[in-house]
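Please read the structure below before turning to the comments.
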Amino acid sequence: MTRFEFVQGMAGGLCLCTTTGQANRPRISLWHGALQKVGHLGVAQGDFNVLGHVSGWQFINRLTWSINDSEEYPLQFRAWRRLAQDGDFNADIPLAMIRVGGNKVRIRAYACEGGVVEEAMEVFRHSGSCPLPCRIQWRDLKDAQEAGQYVDGHWGIENGALRTRETGYDRLFLIGETWWDNYEAVVKLAVHRVDPATTPVSGGQGVGVLLRFAGHVTGGPRAFPSGQPKWGYQPFGGLTWLRWNRKQPSASPAIEFYPGDSDTPARYGNYNIRPKEWHILRARCENLQADETATGAARYSFKIWAEASEEPSGWQFEHLLESRTALRAGSLGLIAHHVDASFGDVIVKRLA
(Lines give C-alpha, C1' and ligand atoms only; values in the text may rest on other atoms or scores of the structure.)
Protein backbone atom coordinates (compact mmCIF):
# COMPACT_ATOMS: atom_id res chain seq x y z
CA MET A 1 0.00 0.00 0.00
CA THR A 2 1.27 3.46 -0.85
CA ARG A 3 1.46 6.01 1.93
CA PHE A 4 2.15 9.76 1.63
CA GLU A 5 2.82 12.24 4.40
CA PHE A 6 4.82 15.36 5.07
CA VAL A 7 7.69 15.23 7.53
CA GLN A 8 9.85 18.01 8.86
CA GLY A 9 13.58 18.38 8.79
CA MET A 10 14.50 15.75 6.21
CA ALA A 11 18.05 15.90 4.92
CA GLY A 12 18.11 17.52 1.50
CA GLY A 13 19.90 16.60 -1.70
CA LEU A 14 20.11 17.70 -5.31
CA CYS A 15 16.67 18.00 -6.92
CA LEU A 16 15.92 18.85 -10.52
CA CYS A 17 12.79 20.73 -9.50
CA THR A 18 11.86 22.42 -6.23
CA THR A 19 8.09 22.19 -6.69
CA THR A 20 6.38 19.10 -5.27
CA GLY A 21 2.72 19.83 -5.74
CA GLN A 22 0.10 17.09 -5.86
CA ALA A 23 0.54 16.64 -9.63
CA ASN A 24 4.27 16.08 -9.19
CA ARG A 25 4.06 13.76 -6.19
CA PRO A 26 6.39 10.77 -6.66
CA ARG A 27 4.79 7.36 -7.16
CA ILE A 28 6.49 4.04 -6.47
CA SER A 29 5.73 0.96 -8.56
CA LEU A 30 6.89 -2.52 -7.54
CA TRP A 31 7.33 -4.45 -10.76
CA HIS A 32 6.68 -7.95 -9.52
CA GLY A 33 4.03 -7.37 -6.90
CA ALA A 34 3.57 -6.54 -3.23
CA LEU A 35 3.79 -10.20 -2.14
CA GLN A 36 6.95 -12.06 -3.15
CA LYS A 37 8.98 -15.01 -1.94
CA VAL A 38 12.50 -16.35 -1.84
CA GLY A 39 14.18 -19.59 -0.80
CA HIS A 40 11.35 -21.82 -2.01
CA LEU A 41 13.74 -23.01 -4.73
CA GLY A 42 16.88 -22.92 -2.63
CA VAL A 43 19.59 -20.28 -2.90
CA ALA A 44 20.16 -18.90 -6.40
CA GLN A 45 22.39 -16.04 -5.21
CA GLY A 46 23.31 -14.19 -2.04
CA ASP A 47 20.73 -11.39 -2.44
CA PHE A 48 17.02 -10.94 -3.00
CA ASN A 49 16.18 -8.16 -5.47
CA VAL A 50 13.26 -5.76 -5.07
CA LEU A 51 12.76 -4.08 -8.44
CA GLY A 52 10.62 -1.18 -9.52
CA HIS A 53 10.32 2.40 -10.67
CA VAL A 54 9.61 5.74 -9.03
CA SER A 55 7.81 8.18 -11.30
CA GLY A 56 8.39 11.83 -10.51
CA TRP A 57 11.97 10.98 -9.58
CA GLN A 58 12.90 14.55 -10.55
CA PHE A 59 11.11 15.75 -7.40
CA ILE A 60 12.92 13.58 -4.84
CA ASN A 61 16.32 13.87 -3.27
CA ARG A 62 16.53 10.46 -1.63
CA LEU A 63 15.25 6.91 -2.18
CA THR A 64 15.73 4.18 0.45
CA TRP A 65 14.89 0.60 1.34
CA SER A 66 14.50 -1.04 4.73
CA ILE A 67 13.47 -4.45 5.99
CA ASN A 68 11.58 -5.28 9.17
CA ASP A 69 11.82 -1.64 10.31
CA SER A 70 15.60 -1.73 10.34
CA GLU A 71 17.71 1.25 9.32
CA GLU A 72 17.15 2.71 5.86
CA TYR A 73 19.68 2.11 3.10
CA PRO A 74 20.09 4.45 0.12
CA LEU A 75 19.01 3.43 -3.37
CA GLN A 76 20.32 4.71 -6.69
CA PHE A 77 17.51 5.91 -8.98
CA ARG A 78 19.34 7.43 -11.93
CA ALA A 79 20.10 5.31 -15.01
CA TRP A 80 23.40 3.45 -14.65
CA ARG A 81 24.34 -0.10 -15.66
CA ARG A 82 21.71 -2.29 -13.96
CA LEU A 83 19.20 0.59 -13.92
CA ALA A 84 17.93 1.04 -17.46
CA GLN A 85 15.92 4.25 -16.99
CA ASP A 86 15.95 7.22 -14.66
CA GLY A 87 13.59 6.34 -11.82
CA ASP A 88 14.34 2.61 -11.88
CA PHE A 89 15.61 1.06 -8.65
CA ASN A 90 16.95 -2.32 -7.57
CA ALA A 91 17.38 -3.10 -3.88
CA ASP A 92 20.01 -5.79 -3.31
CA ILE A 93 18.80 -7.20 0.01
CA PRO A 94 21.24 -9.73 1.53
CA LEU A 95 19.60 -13.07 2.33
CA ALA A 96 21.25 -12.84 5.76
CA MET A 97 18.82 -9.99 6.55
CA ILE A 98 15.72 -11.95 5.50
CA ARG A 99 14.35 -14.17 8.27
CA VAL A 100 12.42 -17.37 7.64
CA GLY A 101 8.75 -16.47 7.34
CA GLY A 102 7.32 -13.04 6.63
CA ASN A 103 9.40 -9.88 6.16
CA LYS A 104 8.23 -6.32 5.58
CA VAL A 105 10.21 -4.33 3.00
CA ARG A 106 9.63 -0.60 2.64
CA ILE A 107 10.71 1.61 -0.26
CA ARG A 108 10.63 5.31 0.62
CA ALA A 109 11.00 8.33 -1.66
CA TYR A 110 11.83 11.62 0.06
CA ALA A 111 10.57 14.66 -1.81
CA CYS A 112 12.61 17.83 -2.20
CA GLU A 113 10.23 19.84 -0.04
CA GLY A 114 9.81 17.32 2.76
CA GLY A 115 7.18 14.86 1.58
CA VAL A 116 7.74 11.12 1.81
CA VAL A 117 6.06 8.44 -0.29
CA GLU A 118 6.24 4.84 0.89
CA GLU A 119 5.45 1.53 -0.78
CA ALA A 120 5.49 -1.58 1.39
CA MET A 121 5.67 -5.23 0.39
CA GLU A 122 5.88 -8.63 2.02
CA VAL A 123 8.73 -11.05 1.28
CA PHE A 124 8.21 -14.57 2.58
CA ARG A 125 11.33 -16.69 3.01
CA HIS A 126 11.03 -20.44 2.63
CA SER A 127 13.52 -23.30 2.98
CA GLY A 128 13.29 -25.19 -0.27
CA SER A 129 15.46 -26.60 -3.03
CA CYS A 130 15.69 -26.92 -6.80
CA PRO A 131 16.94 -30.42 -7.64
CA LEU A 132 17.95 -31.56 -11.08
CA PRO A 133 16.52 -32.38 -13.56
CA CYS A 134 14.45 -29.21 -13.77
CA ARG A 135 11.75 -28.40 -16.33
CA ILE A 136 9.94 -25.07 -16.63
CA GLN A 137 6.79 -24.55 -18.71
CA TRP A 138 5.90 -20.87 -18.42
CA ARG A 139 2.33 -21.34 -19.64
CA ASP A 140 1.60 -23.28 -16.43
CA LEU A 141 2.72 -20.40 -14.19
CA LYS A 142 1.02 -17.18 -13.13
CA ASP A 143 4.23 -15.67 -11.76
CA ALA A 144 7.75 -16.41 -13.01
CA GLN A 145 8.91 -16.37 -9.38
CA GLU A 146 7.42 -19.85 -9.14
CA ALA A 147 10.35 -20.98 -11.31
CA GLY A 148 13.23 -18.69 -10.36
CA GLN A 149 14.35 -15.28 -9.18
CA TYR A 150 14.09 -11.83 -10.74
CA VAL A 151 17.52 -10.18 -10.60
CA ASP A 152 17.38 -7.30 -13.08
CA GLY A 153 14.62 -5.76 -15.14
CA HIS A 154 10.87 -5.96 -15.51
CA TRP A 155 9.66 -9.38 -16.68
CA GLY A 156 6.32 -10.97 -17.44
CA ILE A 157 4.84 -14.19 -18.80
CA GLU A 158 3.41 -13.53 -22.24
CA ASN A 159 2.10 -16.08 -24.75
CA GLY A 160 3.57 -18.96 -22.78
CA ALA A 161 7.07 -17.47 -22.48
CA LEU A 162 9.08 -15.24 -20.17
CA ARG A 163 9.58 -11.87 -21.83
CA THR A 164 11.40 -8.64 -21.04
CA ARG A 165 9.01 -5.72 -20.52
CA GLU A 166 11.82 -3.17 -20.53
CA THR A 167 15.08 -3.49 -22.42
CA GLY A 168 18.39 -2.41 -20.94
CA TYR A 169 21.66 -3.50 -19.42
CA ASP A 170 21.76 -7.19 -18.42
CA ARG A 171 18.10 -8.01 -17.88
CA LEU A 172 18.62 -11.18 -15.82
CA PHE A 173 16.41 -13.99 -14.46
CA LEU A 174 18.00 -16.77 -12.38
CA ILE A 175 17.08 -20.45 -12.25
CA GLY A 176 18.55 -23.06 -9.92
CA GLU A 177 20.97 -23.00 -7.01
CA THR A 178 24.54 -22.00 -6.31
CA TRP A 179 25.55 -25.68 -5.93
CA TRP A 180 24.62 -26.56 -9.52
CA ASP A 181 27.94 -27.53 -11.06
CA ASN A 182 27.89 -29.78 -14.15
CA TYR A 183 24.70 -29.30 -16.11
CA GLU A 184 23.16 -28.83 -19.54
CA ALA A 185 20.35 -26.41 -20.37
CA VAL A 186 17.99 -26.39 -23.35
CA VAL A 187 16.10 -23.12 -23.83
CA LYS A 188 13.73 -21.81 -26.48
CA LEU A 189 14.45 -18.24 -27.55
CA ALA A 190 12.83 -15.58 -29.72
CA VAL A 191 14.23 -12.09 -30.36
CA HIS A 192 11.62 -9.38 -30.92
CA ARG A 193 13.87 -6.35 -31.18
CA VAL A 194 17.49 -5.31 -30.69
CA ASP A 195 18.05 -1.86 -29.21
CA PRO A 196 19.54 0.43 -31.87
CA ALA A 197 22.07 1.78 -29.36
CA THR A 198 23.57 0.88 -25.99
CA THR A 199 25.23 2.86 -23.22
CA PRO A 200 28.98 3.61 -23.09
CA VAL A 201 29.51 0.86 -20.48
CA SER A 202 27.37 -1.78 -22.21
CA GLY A 203 29.27 -2.86 -25.30
CA GLY A 204 27.24 -4.76 -27.88
CA GLN A 205 23.73 -6.13 -27.45
CA GLY A 206 23.42 -9.78 -26.46
CA VAL A 207 21.04 -12.61 -25.54
CA GLY A 208 21.62 -16.12 -24.24
CA VAL A 209 22.35 -18.04 -21.04
CA LEU A 210 24.71 -17.33 -18.18
CA LEU A 211 26.21 -20.46 -16.65
CA ARG A 212 27.33 -20.66 -13.02
CA PHE A 213 26.30 -17.34 -11.54
CA ALA A 214 26.12 -16.67 -7.79
CA GLY A 215 25.21 -12.98 -7.63
CA HIS A 216 26.66 -9.51 -8.11
CA VAL A 217 29.62 -8.61 -5.96
CA THR A 218 31.54 -5.79 -4.35
CA GLY A 219 35.30 -6.33 -4.50
CA GLY A 220 36.25 -9.78 -5.72
CA PRO A 221 39.24 -10.58 -7.95
CA ARG A 222 38.54 -7.52 -10.11
CA ALA A 223 37.97 -5.15 -7.15
CA PHE A 224 34.52 -3.93 -8.22
CA PRO A 225 33.34 -0.80 -6.36
CA SER A 226 30.35 -0.78 -4.04
CA GLY A 227 26.92 0.38 -5.15
CA GLN A 228 23.17 -0.08 -4.64
CA PRO A 229 22.62 -2.02 -6.67
CA LYS A 230 26.03 -3.66 -6.86
CA TRP A 231 27.27 -4.04 -10.42
CA GLY A 232 30.30 -6.30 -10.05
CA TYR A 233 29.40 -9.14 -12.41
CA GLN A 234 32.43 -11.42 -12.03
CA PRO A 235 33.37 -14.02 -11.09
CA PHE A 236 30.90 -16.35 -12.77
CA GLY A 237 31.44 -19.45 -14.90
CA GLY A 238 30.82 -18.56 -18.53
CA LEU A 239 28.35 -16.64 -20.67
CA THR A 240 27.22 -18.42 -23.84
CA TRP A 241 25.23 -16.11 -26.09
CA LEU A 242 24.67 -14.18 -29.29
CA ARG A 243 26.44 -10.80 -29.33
CA TRP A 244 25.77 -7.94 -31.72
CA ASN A 245 28.15 -5.22 -32.82
CA ARG A 246 26.85 -2.09 -31.09
CA LYS A 247 27.64 -0.05 -34.21
CA GLN A 248 25.86 -2.51 -36.54
CA PRO A 249 22.85 -3.84 -34.63
CA SER A 250 21.10 -4.89 -37.84
CA ALA A 251 23.89 -7.31 -38.77
CA SER A 252 23.95 -10.98 -37.71
CA PRO A 253 25.24 -11.45 -34.15
CA ALA A 254 28.39 -13.35 -33.26
CA ILE A 255 28.29 -16.65 -31.39
CA GLU A 256 30.31 -15.72 -28.34
CA PHE A 257 31.78 -17.23 -25.20
CA TYR A 258 32.39 -14.59 -22.51
CA PRO A 259 34.59 -15.94 -19.68
CA GLY A 260 33.69 -15.50 -16.05
CA ASP A 261 37.05 -14.07 -15.05
CA SER A 262 37.94 -11.41 -17.65
CA ASP A 263 36.76 -9.24 -20.54
CA THR A 264 38.38 -11.33 -23.29
CA PRO A 265 35.56 -13.09 -25.17
CA ALA A 266 36.04 -15.71 -27.87
CA ARG A 267 33.91 -15.66 -31.00
CA TYR A 268 32.90 -18.64 -33.12
CA GLY A 269 31.33 -17.28 -36.29
CA ASN A 270 27.95 -15.63 -36.69
CA TYR A 271 24.32 -16.72 -36.51
CA ASN A 272 21.39 -15.40 -38.53
CA ILE A 273 18.53 -15.01 -36.09
CA ARG A 274 15.29 -13.70 -37.56
CA PRO A 275 13.03 -11.52 -35.43
CA LYS A 276 10.11 -13.24 -33.68
CA GLU A 277 11.08 -16.72 -34.89
CA TRP A 278 11.73 -19.41 -32.30
CA HIS A 279 15.18 -20.88 -31.92
CA ILE A 280 16.56 -23.47 -29.53
CA LEU A 281 19.87 -23.18 -27.74
CA ARG A 282 21.70 -25.89 -25.88
CA ALA A 283 24.49 -24.94 -23.45
CA ARG A 284 26.64 -27.12 -21.22
CA CYS A 285 29.17 -26.53 -18.45
CA GLU A 286 31.33 -29.30 -17.03
CA ASN A 287 34.38 -29.36 -14.80
CA LEU A 288 37.26 -31.44 -16.04
CA GLN A 289 39.14 -33.94 -13.96
CA ALA A 290 42.59 -32.99 -12.73
CA ASP A 291 44.16 -35.89 -14.65
CA GLU A 292 42.58 -34.67 -17.90
CA THR A 293 43.87 -31.11 -17.75
CA ALA A 294 44.92 -28.53 -15.20
CA THR A 295 42.94 -28.09 -11.98
CA GLY A 296 40.41 -25.31 -12.40
CA ALA A 297 39.59 -26.21 -15.99
CA ALA A 298 36.05 -26.38 -17.33
CA ARG A 299 34.53 -27.01 -20.73
CA TYR A 300 31.67 -24.84 -22.03
CA SER A 301 29.70 -26.02 -25.06
CA PHE A 302 27.03 -24.25 -27.09
CA LYS A 303 24.82 -24.56 -30.13
CA ILE A 304 21.73 -22.85 -31.46
CA TRP A 305 19.34 -23.70 -34.29
CA ALA A 306 15.93 -22.72 -35.67
CA GLU A 307 13.08 -24.61 -34.05
CA ALA A 308 11.81 -25.58 -37.51
CA SER A 309 15.17 -27.23 -38.32
CA GLU A 310 16.88 -30.34 -37.04
CA GLU A 311 19.35 -30.00 -34.21
CA PRO A 312 22.97 -29.87 -35.44
CA SER A 313 24.92 -33.02 -34.61
CA GLY A 314 27.92 -31.12 -33.23
CA TRP A 315 28.56 -28.13 -31.04
CA GLN A 316 29.15 -24.72 -32.57
CA PHE A 317 31.84 -24.27 -29.97
CA GLU A 318 33.51 -26.16 -27.16
CA HIS A 319 35.53 -23.71 -25.13
CA LEU A 320 38.13 -24.75 -22.57
CA LEU A 321 38.44 -22.26 -19.72
CA GLU A 322 41.31 -22.61 -17.28
CA SER A 323 40.90 -20.17 -14.44
CA ARG A 324 41.65 -19.75 -10.77
CA THR A 325 38.71 -17.41 -10.21
CA ALA A 326 35.88 -18.39 -12.60
CA LEU A 327 33.12 -20.16 -10.66
CA ARG A 328 32.84 -23.93 -10.94
CA ALA A 329 29.23 -24.01 -9.75
CA GLY A 330 26.27 -21.64 -9.83
CA SER A 331 22.79 -20.88 -11.10
CA LEU A 332 21.57 -20.65 -14.68
CA GLY A 333 20.75 -17.13 -15.89
CA LEU A 334 18.48 -16.10 -18.75
CA ILE A 335 20.02 -12.86 -19.97
CA ALA A 336 18.88 -10.20 -22.44
CA HIS A 337 21.30 -7.29 -22.80
CA HIS A 338 19.64 -4.40 -24.67
CA VAL A 339 17.45 -6.99 -26.43
CA ASP A 340 13.69 -7.53 -26.21
CA ALA A 341 13.50 -11.31 -26.01
CA SER A 342 11.18 -14.15 -25.04
CA PHE A 343 12.51 -17.27 -23.34
CA GLY A 344 10.40 -20.35 -23.89
CA ASP A 345 10.36 -23.64 -22.00
CA VAL A 346 13.54 -24.54 -20.12
CA ILE A 347 14.99 -27.98 -19.42
CA VAL A 348 18.07 -28.41 -17.22
CA LYS A 349 19.66 -31.77 -16.49
CA ARG A 350 22.68 -32.75 -14.47
CA LEU A 351 25.62 -34.28 -16.29
CA ALA A 352 26.88 -37.61 -15.07
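So you can find residues: chains in the C-alpha coordinates are A, B, ... in the order shown, residues in each start at 1, and ligands are numbered from 1 in order.
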
Which of segment 46-114 of chain A fall in helix (DSSP H, G or I), as an MDAnalysis selection string: chainID A and resid 57:59 95:97

Close residues, Ser129 of chain A itself excluded, 8 Å, only C-alpha atoms, min 5 positions apart in chain, as a PyMOL selection string: chain A and resi 39-43+177

Residue contacts of Leu172 of chain A (9 Å, only C-alpha atoms) excluding same-chain residues fewer than 4 positions away, as a list in words: Gln149, Tyr150, Val151, Asp152, Gly153, Leu210, Gly333, Leu334, Ile335, Ala336 and His337 of chain A

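When only C-alpha atoms are used to measure the gap to Ala251 of chain A, the shortest distance among A:Glu72, A:Thr264, A:Pro196, A:Ser313 belongs to A:Pro196.
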
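Candidate residues A:Pro225, A:Gly232, A:Gly296, A:Gly56 were compared for distance to Arg82 of chain A, and the nearest is A:Gly232, using only C-alpha atoms.
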
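Between atom CA of Trp138 of chain A and atom CA of Phe124 of chain A there is a distance of 22.0 Å.
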
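Considering the residues A:Cys112, A:Val217, A:Leu189, A:Leu211 and counting only C-alpha atoms, Leu242 of chain A has its shortest atom-to-atom contact with A:Leu189.
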
DSSP-assigned strand (DSSP E) members of segment 55-192 of chain A, reported as JSON, numbers by chain: {"A": [55, 60, 61, 62, 63, 64, 65, 66, 67, 73, 74, 88, 89, 90, 91, 92, 93, 94, 101, 102, 103, 104, 105, 106, 107, 108, 109, 110, 111, 115, 116, 117, 118, 119, 120, 121, 122, 123, 124, 125, 134, 135, 136, 149, 150, 151, 152, 155, 156, 157, 158, 161, 162, 163, 164, 171, 172, 173, 174, 175, 183, 184, 185, 186, 187, 188, 189, 190, 191, 192]}

Top pick for closest residue to Pro253 of chain A, considering A:Ala79, A:Val209, A:Val191, A:Ala91 and counting only C-alpha atoms: A:Val191

Close residues, Asp345 of chain A itself excluded, 12 Å, only C-alpha atoms, min 3 positions apart in chain, as a ChimeraX atom specification: /A:134-141,144,147,157,159-163,185-190,278-281,334,342,348

Arg267 of chain A surroundings by only C-alpha atoms, 9 Å radius, close-in-sequence under 5 positions cut, as a PyMOL selection string: chain A and resi 254-258+317

Neighbour list for Trp80 of chain A as a ChimeraX atom specification, cut-off 10 Å, only C-alpha atoms, skip fewer than 2 positions in-chain: /A:76-78,82-86,88,168-169,199,201,229,231
